[in-house]
Every structure is written in C-alpha cells, then in structure tokens.
$ cat start-v5.txt   # compact mmCIF, C-alpha atoms
# COMPACT_ATOMS: atom_id res chain seq x y z
CA MET J 8 103.45 70.67 98.79
CA ARG J 9 101.14 67.92 100.02
CA ASP J 10 98.26 69.19 102.13
CA ASP J 11 98.65 66.33 104.61
CA ILE J 12 102.06 67.68 105.61
CA LEU J 13 100.59 70.99 106.76
CA PRO J 14 98.55 71.50 109.93
CA VAL J 15 94.83 71.28 109.19
CA GLU J 16 94.30 74.88 110.31
CA VAL J 17 96.81 76.03 107.72
CA THR J 18 95.49 73.85 104.90
CA ARG J 19 91.88 74.99 105.25
CA SER J 20 92.74 78.71 105.24
CA VAL J 21 95.18 78.42 102.35
CA GLN J 22 92.77 76.36 100.26
CA THR J 23 89.93 78.80 100.92
CA PHE J 24 92.05 81.78 99.89
CA LEU J 25 93.47 80.20 96.74
CA THR J 26 90.12 78.78 95.63
CA SER J 27 88.51 82.18 96.12
CA VAL J 28 91.21 84.24 94.39
CA ASP J 29 91.32 81.79 91.46
CA GLU J 30 87.56 82.14 91.06
CA LEU J 31 87.63 85.94 91.24
CA ALA J 32 90.83 86.55 89.24
CA PRO J 33 91.93 83.42 87.37
CA GLY J 34 95.67 83.22 86.87
CA LEU J 35 96.48 86.18 89.11
CA VAL J 36 98.27 84.37 91.96
CA THR J 37 101.05 82.34 90.37
CA GLY J 38 102.98 81.64 93.56
CA PHE J 39 102.03 81.04 97.17
CA TYR J 40 104.45 80.35 100.01
CA LEU J 41 104.24 79.87 103.76
CA VAL J 42 106.74 81.59 106.04
CA GLY J 43 106.80 82.34 109.76
CA SER J 44 106.08 79.67 112.36
CA VAL J 45 104.69 77.20 109.82
CA ALA J 46 107.87 77.29 107.73
CA LEU J 47 110.08 77.15 110.82
CA GLY J 48 108.30 74.10 112.24
CA ASP J 49 106.88 75.87 115.30
CA PHE J 50 103.19 76.32 114.50
CA HIS J 51 100.81 76.27 117.49
CA PRO J 52 97.13 76.77 116.66
CA PRO J 53 94.69 78.31 119.16
CA GLY J 54 93.47 74.87 120.21
CA ALA J 55 96.97 73.97 121.39
CA ALA J 56 96.81 76.94 123.74
CA ARG J 57 93.81 75.55 125.62
CA GLY J 58 91.54 78.16 124.11
CA ARG J 59 93.87 81.08 124.84
CA LEU J 60 94.80 83.07 121.75
CA SER J 61 97.59 85.25 123.12
CA THR J 62 100.46 82.86 122.34
CA ALA J 63 98.95 80.99 119.39
CA SER J 64 100.64 81.12 115.99
CA ASP J 65 99.52 83.03 112.91
CA ILE J 66 99.49 81.73 109.35
CA ASP J 67 102.06 83.87 107.52
CA PHE J 68 102.15 83.82 103.72
CA VAL J 69 103.71 85.39 100.66
CA ALA J 70 101.44 85.50 97.61
CA VAL J 71 103.13 86.17 94.27
CA THR J 72 101.68 87.69 91.11
CA ASP J 73 103.19 88.35 87.70
CA ARG J 74 101.66 91.83 87.50
CA ARG J 75 101.35 94.60 90.06
CA VAL J 76 98.11 94.52 92.08
CA GLU J 77 97.17 98.21 91.95
CA PRO J 78 94.88 99.99 94.43
CA GLY J 79 91.37 100.30 93.01
CA SER J 80 91.90 97.60 90.39
CA GLN J 81 89.83 94.47 89.85
CA ASP J 82 92.86 92.48 90.94
CA MET J 83 92.91 94.31 94.26
CA THR J 84 89.18 93.70 94.72
CA ALA J 85 89.73 90.00 94.06
CA VAL J 86 92.61 89.65 96.53
CA ALA J 87 90.76 91.61 99.22
CA GLU J 88 87.57 89.59 98.74
CA ALA J 89 89.46 86.28 98.81
CA HIS J 90 91.14 87.29 102.05
CA SER J 91 87.82 88.47 103.51
CA ARG J 92 86.16 85.14 102.70
CA THR J 93 89.04 83.27 104.31
CA VAL J 94 89.03 85.12 107.63
CA ALA J 95 85.24 85.15 107.76
CA ARG J 96 85.20 81.37 107.53
CA PHE J 97 88.29 80.80 109.70
CA PRO J 98 88.85 83.78 112.05
CA ARG J 99 91.71 81.99 113.85
CA PRO J 100 94.58 81.61 113.35
CA HIS J 101 95.20 85.06 111.87
CA PHE J 102 95.80 84.86 108.12
CA ASP J 103 98.59 87.36 107.51
CA GLY J 104 100.88 88.04 104.60
CA VAL J 105 102.01 90.15 101.68
CA VAL J 106 101.45 90.21 97.93
CA PHE J 107 104.65 90.61 95.88
CA THR J 108 105.37 90.44 92.19
CA ARG J 109 108.09 88.16 90.87
CA ALA J 110 110.12 91.29 90.20
CA ASP J 111 109.74 92.36 93.86
CA LEU J 112 111.17 89.04 95.04
CA ALA J 113 114.28 89.53 92.96
CA ALA J 114 114.74 93.22 93.78
CA GLY J 115 114.46 93.00 97.57
CA PRO J 116 112.75 95.16 100.18
CA GLU J 117 114.53 98.45 99.50
CA ALA J 118 113.43 98.50 95.86
CA CYS J 119 109.93 97.18 96.58
CA PRO J 120 107.05 99.68 96.49
CA ASP J 121 104.12 99.61 98.89
CA VAL J 122 102.20 96.35 98.44
CA PRO J 123 98.95 94.77 99.62
CA PHE J 124 99.26 93.09 103.00
CA ALA J 125 97.25 91.61 105.85
CA GLN J 126 98.16 91.95 109.51
CA GLU J 127 96.14 90.39 112.32
CA SER J 128 93.73 89.34 109.55
CA ARG J 129 93.08 92.96 108.52
CA PHE J 130 93.68 93.56 104.81
CA THR J 131 95.32 96.80 103.62
CA PRO J 132 95.64 97.66 99.89
CA ALA J 133 99.10 99.22 100.14
CA GLY J 134 101.76 99.51 102.82
CA ARG J 135 105.15 98.35 104.11
CA SER J 136 104.21 95.64 106.59
CA GLY J 137 106.28 92.59 105.70
CA VAL J 138 108.46 94.48 103.24
CA ASN J 139 111.69 93.81 105.11
CA PRO J 140 114.72 91.51 105.10
CA VAL J 141 113.07 89.08 107.54
CA THR J 142 110.26 88.20 105.14
CA PHE J 143 112.58 87.86 102.15
CA CYS J 144 115.21 85.80 103.96
CA GLU J 145 112.60 83.53 105.55
CA LEU J 146 111.11 82.93 102.12
CA ALA J 147 114.47 82.25 100.49
CA TRP J 148 115.84 80.03 103.26
CA HIS J 149 112.77 78.37 104.79
CA GLY J 150 109.69 79.08 102.65
CA ILE J 151 107.22 76.24 102.07
CA THR J 152 105.89 76.13 98.54
CA VAL J 153 102.15 75.69 98.05
CA ARG J 154 102.07 77.01 94.49
CA GLY J 155 104.83 77.95 92.07
CA PRO J 156 108.53 77.11 91.86
CA GLN J 157 110.56 76.31 94.93
CA PRO J 158 112.29 79.38 96.43
CA ALA J 159 115.66 77.81 95.57
CA ASP J 160 114.59 77.59 91.93
CA THR J 161 113.57 81.22 91.57
CA ASP J 162 115.24 84.58 92.09
CA VAL J 163 114.56 85.60 95.69
CA TRP J 164 116.62 88.37 97.28
CA ALA J 165 118.38 87.30 100.48
CA ASP J 166 121.18 89.39 101.98
CA PRO J 167 122.58 88.26 105.37
CA LYS J 168 124.27 91.63 105.96
CA ALA J 169 121.01 93.47 105.38
CA LEU J 170 119.25 91.07 107.72
CA ARG J 171 121.85 91.77 110.38
CA ALA J 172 121.54 95.53 109.97
CA TYR J 173 117.75 95.29 110.14
CA THR J 174 118.00 93.18 113.30
CA VAL J 175 120.31 95.66 115.03
CA ASP J 176 117.99 98.51 114.07
CA ASN J 177 115.00 96.56 115.40
CA LEU J 178 116.72 96.09 118.75
CA ARG J 179 117.60 99.78 118.99
CA THR J 180 114.44 101.40 117.65
CA TYR J 181 111.79 98.93 118.82
CA TRP J 182 113.00 96.73 121.66
CA GLN J 183 115.01 99.20 123.71
CA PRO J 184 112.18 101.81 123.80
CA TRP J 185 109.64 99.02 124.34
CA LEU J 186 111.59 97.77 127.33
CA GLN J 187 111.86 101.22 128.88
CA GLN J 188 108.13 101.73 128.43
CA LYS J 189 107.29 98.39 130.05
CA LYS J 190 109.53 99.16 133.02
CA ARG J 191 107.33 102.10 133.97
CA PRO J 192 104.93 101.30 136.82
CA SER J 193 101.90 102.59 134.94
CA PRO J 194 98.61 100.65 135.10
CA LEU J 195 98.86 99.72 131.41
CA SER J 196 102.49 98.55 131.61
CA LEU J 197 101.74 96.51 134.70
CA ALA J 198 98.66 94.96 133.11
CA ILE J 199 100.63 93.92 130.02
CA GLY J 200 103.58 92.72 132.08
CA LEU J 201 101.41 90.36 134.12
CA THR J 202 99.97 88.55 131.10
CA GLU J 203 101.22 85.18 129.92
CA TRP J 204 101.82 86.73 126.49
CA PHE J 205 104.47 89.10 127.89
CA PRO J 206 107.40 86.67 128.49
CA VAL J 207 106.64 84.70 125.32
CA TRP J 208 106.78 87.81 123.15
CA ALA J 209 109.71 89.40 124.94
CA VAL J 210 112.03 86.59 126.04
CA LEU J 211 111.65 84.46 122.93
CA GLY J 212 111.44 87.46 120.60
CA VAL J 213 114.72 89.00 121.72
CA SER J 214 116.36 85.58 121.86
CA ARG J 215 115.50 85.15 118.16
CA LEU J 216 117.29 88.40 117.35
CA HIS J 217 120.32 87.40 119.41
CA HIS J 218 120.39 84.14 117.45
CA VAL J 219 120.35 85.99 114.11
CA LEU J 220 123.24 88.22 115.12
CA ALA J 221 125.27 85.39 116.63
CA THR J 222 124.77 82.78 113.91
CA GLY J 223 123.56 84.60 110.78
CA THR J 224 120.65 82.16 110.59
CA MET J 225 116.97 82.26 111.49
CA THR J 226 115.07 80.18 114.02
CA SER J 227 111.61 79.85 115.51
CA LYS J 228 110.45 81.06 118.91
CA ARG J 229 110.92 77.58 120.31
CA GLY J 230 114.34 77.30 118.68
CA ALA J 231 115.26 80.69 120.10
CA GLY J 232 114.30 79.61 123.60
CA GLN J 233 116.36 76.44 123.34
CA TYR J 234 119.24 78.50 121.99
CA ALA J 235 118.92 80.95 124.90
CA GLN J 236 119.05 78.06 127.36
CA ARG J 237 122.44 77.12 125.92
CA VAL J 238 123.86 80.63 125.58
CA PHE J 239 122.70 82.44 128.70
CA GLY J 240 123.69 81.40 132.19
CA PRO J 241 121.73 79.45 134.83
CA ALA J 242 120.40 82.72 136.26
CA TRP J 243 118.02 82.95 133.29
CA GLU J 244 117.00 79.30 133.03
CA ARG J 245 113.75 79.81 134.97
CA ILE J 246 112.31 82.61 132.85
CA ILE J 247 113.43 81.01 129.58
CA ALA J 248 111.87 77.68 130.53
CA GLU J 249 108.69 79.47 131.59
CA SER J 250 108.50 81.28 128.25
CA LEU J 251 108.90 78.02 126.35
CA TRP J 252 106.24 76.36 128.46
CA LEU J 253 103.82 79.23 127.92
CA ARG J 254 104.52 79.18 124.19
CA THR J 255 103.07 75.68 123.89
CA ARG J 256 100.86 75.63 127.00
CA GLY J 257 102.87 72.51 127.74
CA ALA J 258 100.85 69.39 128.21
CA GLU J 259 103.67 68.31 130.50
CA GLY J 260 104.93 70.25 133.49
CA ARG J 261 103.53 73.43 134.95
CA SER J 262 104.40 77.06 135.50
CA SER J 263 107.34 77.67 137.81
CA TYR J 264 105.97 81.09 138.81
CA ARG J 265 103.23 81.44 141.38
CA ASN J 266 103.64 85.21 141.37
CA PRO J 267 103.14 86.98 138.01
CA PHE J 268 104.97 90.03 139.39
CA ALA J 269 108.08 87.90 139.80
CA ARG J 270 107.70 86.64 136.25
CA ARG J 271 107.40 90.23 134.98
CA ARG J 272 110.50 91.21 136.97
CA ASP J 273 112.56 88.36 135.53
CA THR J 274 111.34 89.07 132.00
CA LEU J 275 112.41 92.70 132.20
CA ALA J 276 115.77 91.75 133.70
CA PHE J 277 116.40 89.18 130.99
CA LEU J 278 115.61 91.73 128.29
CA ASP J 279 118.14 94.16 129.76
CA THR J 280 120.81 91.47 129.59
CA ALA J 281 119.86 89.93 126.25
CA ILE J 282 119.47 93.18 124.32
CA ASP J 283 122.84 94.48 125.53
CA ALA J 284 124.46 91.13 124.73
CA ALA J 285 122.96 91.05 121.24
CA LEU J 286 124.08 94.57 120.41
CA ALA J 287 127.60 93.76 121.63
CA LEU J 288 127.97 90.84 119.21
CA PRO J 289 130.50 91.58 116.45
CA ALA J 290 129.58 91.35 112.80
CA GLU J 291 130.65 88.08 111.19
CA ASP J 292 133.26 89.83 109.06
CA SER J 293 134.74 91.78 111.98
CA PRO J 294 138.36 90.99 112.91

$ encode --input "start-v5.txt" --output "structure tokens"
Amino acid sequence: MRDDILPVEVTRSVQTFLTSVDELAPGLVTGFYLVGSVALGDFHPPGAARGRLSTASDIDFVAVTDRRVEPGSQDMTAVAEAHSRTVARFPRPHFDGVVFTRADLAAGPEACPDVPFAQESRFTPAGRSGVNPVTFCELAWHGITVRGPQPADTDVWADPKALRAYTVDNLRTYWQPWLQQKKRPSPLSLAIGLTEWFPVWAVLGVSRLHHVLATGTMTSKRGAGQYAQRVFGPAWERIIAESLWLRTRGAEGRSSYRNPFARRRDTLAFLDTAIDAALALPAEDSP
C-alpha cells in the first residue's frame, strides 16, 4: 500500500507504530491492515471537524503476528510500548485496533481467545473488543493492506450469516436499551441528546445496521446515510441530511435545525422507526 494513498494522519500513526514495534520486537508483526472508516473510504480527521472531536474518525487497525502475544511477555511489552509511543506523538485521531495471530484470522471470532486491543487509544493486554464478525468481515471484504499478504490471498474468516446474527443481537441488546435510556428526560440523557454527536452516532449507526441486514454488505457512516435517504420516506429526510452534514461538518450548507431539542426529538423518532424496520427484515435465505 502506497503511503500517498492514505490520509496523512493515518500514515504518520501507522509508520510510528510499525517503526517502533519493529525496533522493539523485530519480526513480530508480520501483517498490518486498516479497517473501519479508512478502509470504507469515509475517514474524517479532527481537522475536518473544525476542531471538534466528537464526530471525527478513528484509525482502526488489525495487527497480525505469527505467534501469540501473551500477557507479561516481551512481545506484549513491545506492542504496548509501540502503541504508547504512537498515541503520545499523535493523540488524535484515536489509534484503535486488535492484535490477532494468523491462526485467529482463519478460525474466526468464536474460536479466538482474548487478545491485545486498543480502544479510544487505551491499550489493554487481553480482552474481547474487536473480536467479532464486524472486524473479521471488514478485514476480509474491505481491509487495506499496509504489511503482509492481501486479505483475499490469505485465510480470513468471513461468515455473512454470523454477521447478520451479530447485527440483530446488537440492535436488540445495545440499541434498543440505549434508545429507551436516551428517551428518559434525565439531565444526562438530555445533555447527550443535545450534542451534535448524538444524531451522527445514532442515525448513521442504526442505518449501517439496517444496510447490513437488507443487503448483506457493509458500508460507511456516510454510505449508510445516503442509503437511508433512499430507503426511508421523506419524513426522515431532514434528520438524515442533518446527520450527514454533522458527520463532515460540511463546508457547504448549514444545519437545518435551529433548535437542538427538535433535533433530539427527530433522532429518537427515527431510531424507533429504523430499529423496528431493521429487525423486521427477513433473512436472505427466508422464503
């Protein structure tokens, strides 16, 4: 992968991490891939958000080793130190990802043990963050290769049925309770609901899940918003367009909401509709 194809913010963090881990543990990281917004062509660094971090993109990665990186080992120390150096030098965007072995990639998330990961730039030696069908399918179908063989040329687990089941479970166990919580008129729920982050996370996030269930394919937040504009009726055009505009802090146009309470109201109403619609979609192999 040529560095000049990647956003500069991505290139500098990736180069810092790989240079550091190669110095500390030569030969340990044999593969490195970008997933998430970078791979899906929807990366927006903090600068694109006019200094506001709430809707900026993260740098999401999958690092691959030939041997297990065990807690307390020199390998673990090297990976943790390389990550620490990276985020110390470039605190934003967040540098988040997981460390898998080649065997993990082939086996899939259910067979994968706890692995090192970083979330919101905080490194954890072992856990389950990122060990799910979304990460594996994004890598297999959209991953950008920085080091190692192309995903298509290696054995990467990708099961559309498992991705669908995971998506349905995410709607039921995360989004439905999250929606009910945000409907409550508590000071915290109101404060969150009035932020610009709220419709971006909620409207575009649930639209992405609807897209997965309807098409069996993955898309970015921007792609999900454009999809929602086609699929949902005119009643939802305003809040979807607002979410897309906030996602990029559009250089063109302006917010269509003068009242953030109205924006919160429309976001919650859209979620009610979109979650129910997504859960009502039949499986692809249904009669």

$ residues_around --input "start-v5.txt" --residues "J:Ala165" --least-positions-apart "6" --cutoff "10 Å" --atoms "all atoms listed in the file" --output "ChimeraX atom specification"
/J:112-116,140-148

$ atom_distance --input "start-v5.txt" --atom1 "atom CA of J:Tyr40" --atom2 "atom CA of J:Val106"
10.5 Å

$ atom_distance --input "start-v5.txt" --atom1 "atom CA of J:Gln81" --atom2 "atom CA of J:Gly34"
13.0 Å

$ closest_residue --input "start-v5.txt" --among "J:Asp283, J:Pro167, J:Ala248, J:Ala125" --to "J:Trp182" --atoms "all atoms listed in the file"
J:Asp283

$ atom_distance --input "start-v5.txt" --atom1 "atom CA of J:Lys228" --atom2 "atom CA of J:Trp208"
8.8 Å

$ residues_near_point --input "start-v5.txt" --point "(93.1, 92.3, 103.2)" --cutoff "8 Å" --atoms "only C-alpha atoms" --output "list in words"
Val86, Ala87, Glu88, His90, Ser91, Pro123, Phe124, Ala125, Ser128, Arg129, Phe130, Thr131 and Pro132 of chain J

$ closest_residue --input "start-v5.txt" --among "J:Arg74, J:His51, J:Arg92, J:Arg171" --to "J:Val15" --atoms "only C-alpha atoms"
J:His51

$ residues_around --input "start-v5.txt" --residues "J:Ser227" --least-positions-apart "4" --cutoff "7 Å" --atoms "all atoms listed in the file" --output "JSON, numbers by chain"
{"J": [44, 47, 49, 231]}

$ closest_residue --input "start-v5.txt" --among "J:Leu25, J:Ala32, J:Ala172, J:Val76" --to "J:Ala133" --atoms "only C-alpha atoms"
J:Val76

$ closest_residue --input "start-v5.txt" --among "J:Pro241, J:Ser136, J:Tyr181, J:Arg109" --to "J:Asp162" --atoms "only C-alpha atoms"
J:Arg109

$ closest_residue --input "start-v5.txt" --among "J:Val219, J:Ala242, J:Val69, J:Ala63" --to "J:Lys168" --atoms "all atoms listed in the file"
J:Val219

$ residues_around --input "start-v5.txt" --residues "J:Gln188" --least-positions-apart "5" --cutoff "12 Å" --atoms "all atoms listed in the file" --output "VMD selection string"
chain J and resid 181 to 183 193 to 197 199 to 200 275

$ closest_atom_pairs --input "start-v5.txt" --of "stretch 153-192 of chain J" --to "stretch 262-272 of chain J" --cutoff "12 Å" --atoms "only C-alpha atoms" --output "CSV"
residue,atom,partner,partner_atom,distance
J:Leu186,CA,J:Arg271,CA,11.5
J:Lys189,CA,J:Arg271,CA,9.5
J:Lys190,CA,J:Arg272,CA,8.9
J:Arg191,CA,J:Arg272,CA,11.7
J:Pro192,CA,J:Arg271,CA,11.5

$ closest_residue --input "start-v5.txt" --among "J:Leu178, J:Val213, J:Val207, J:Val45" --to "J:Thr152" --atoms "all atoms listed in the file"
J:Val45
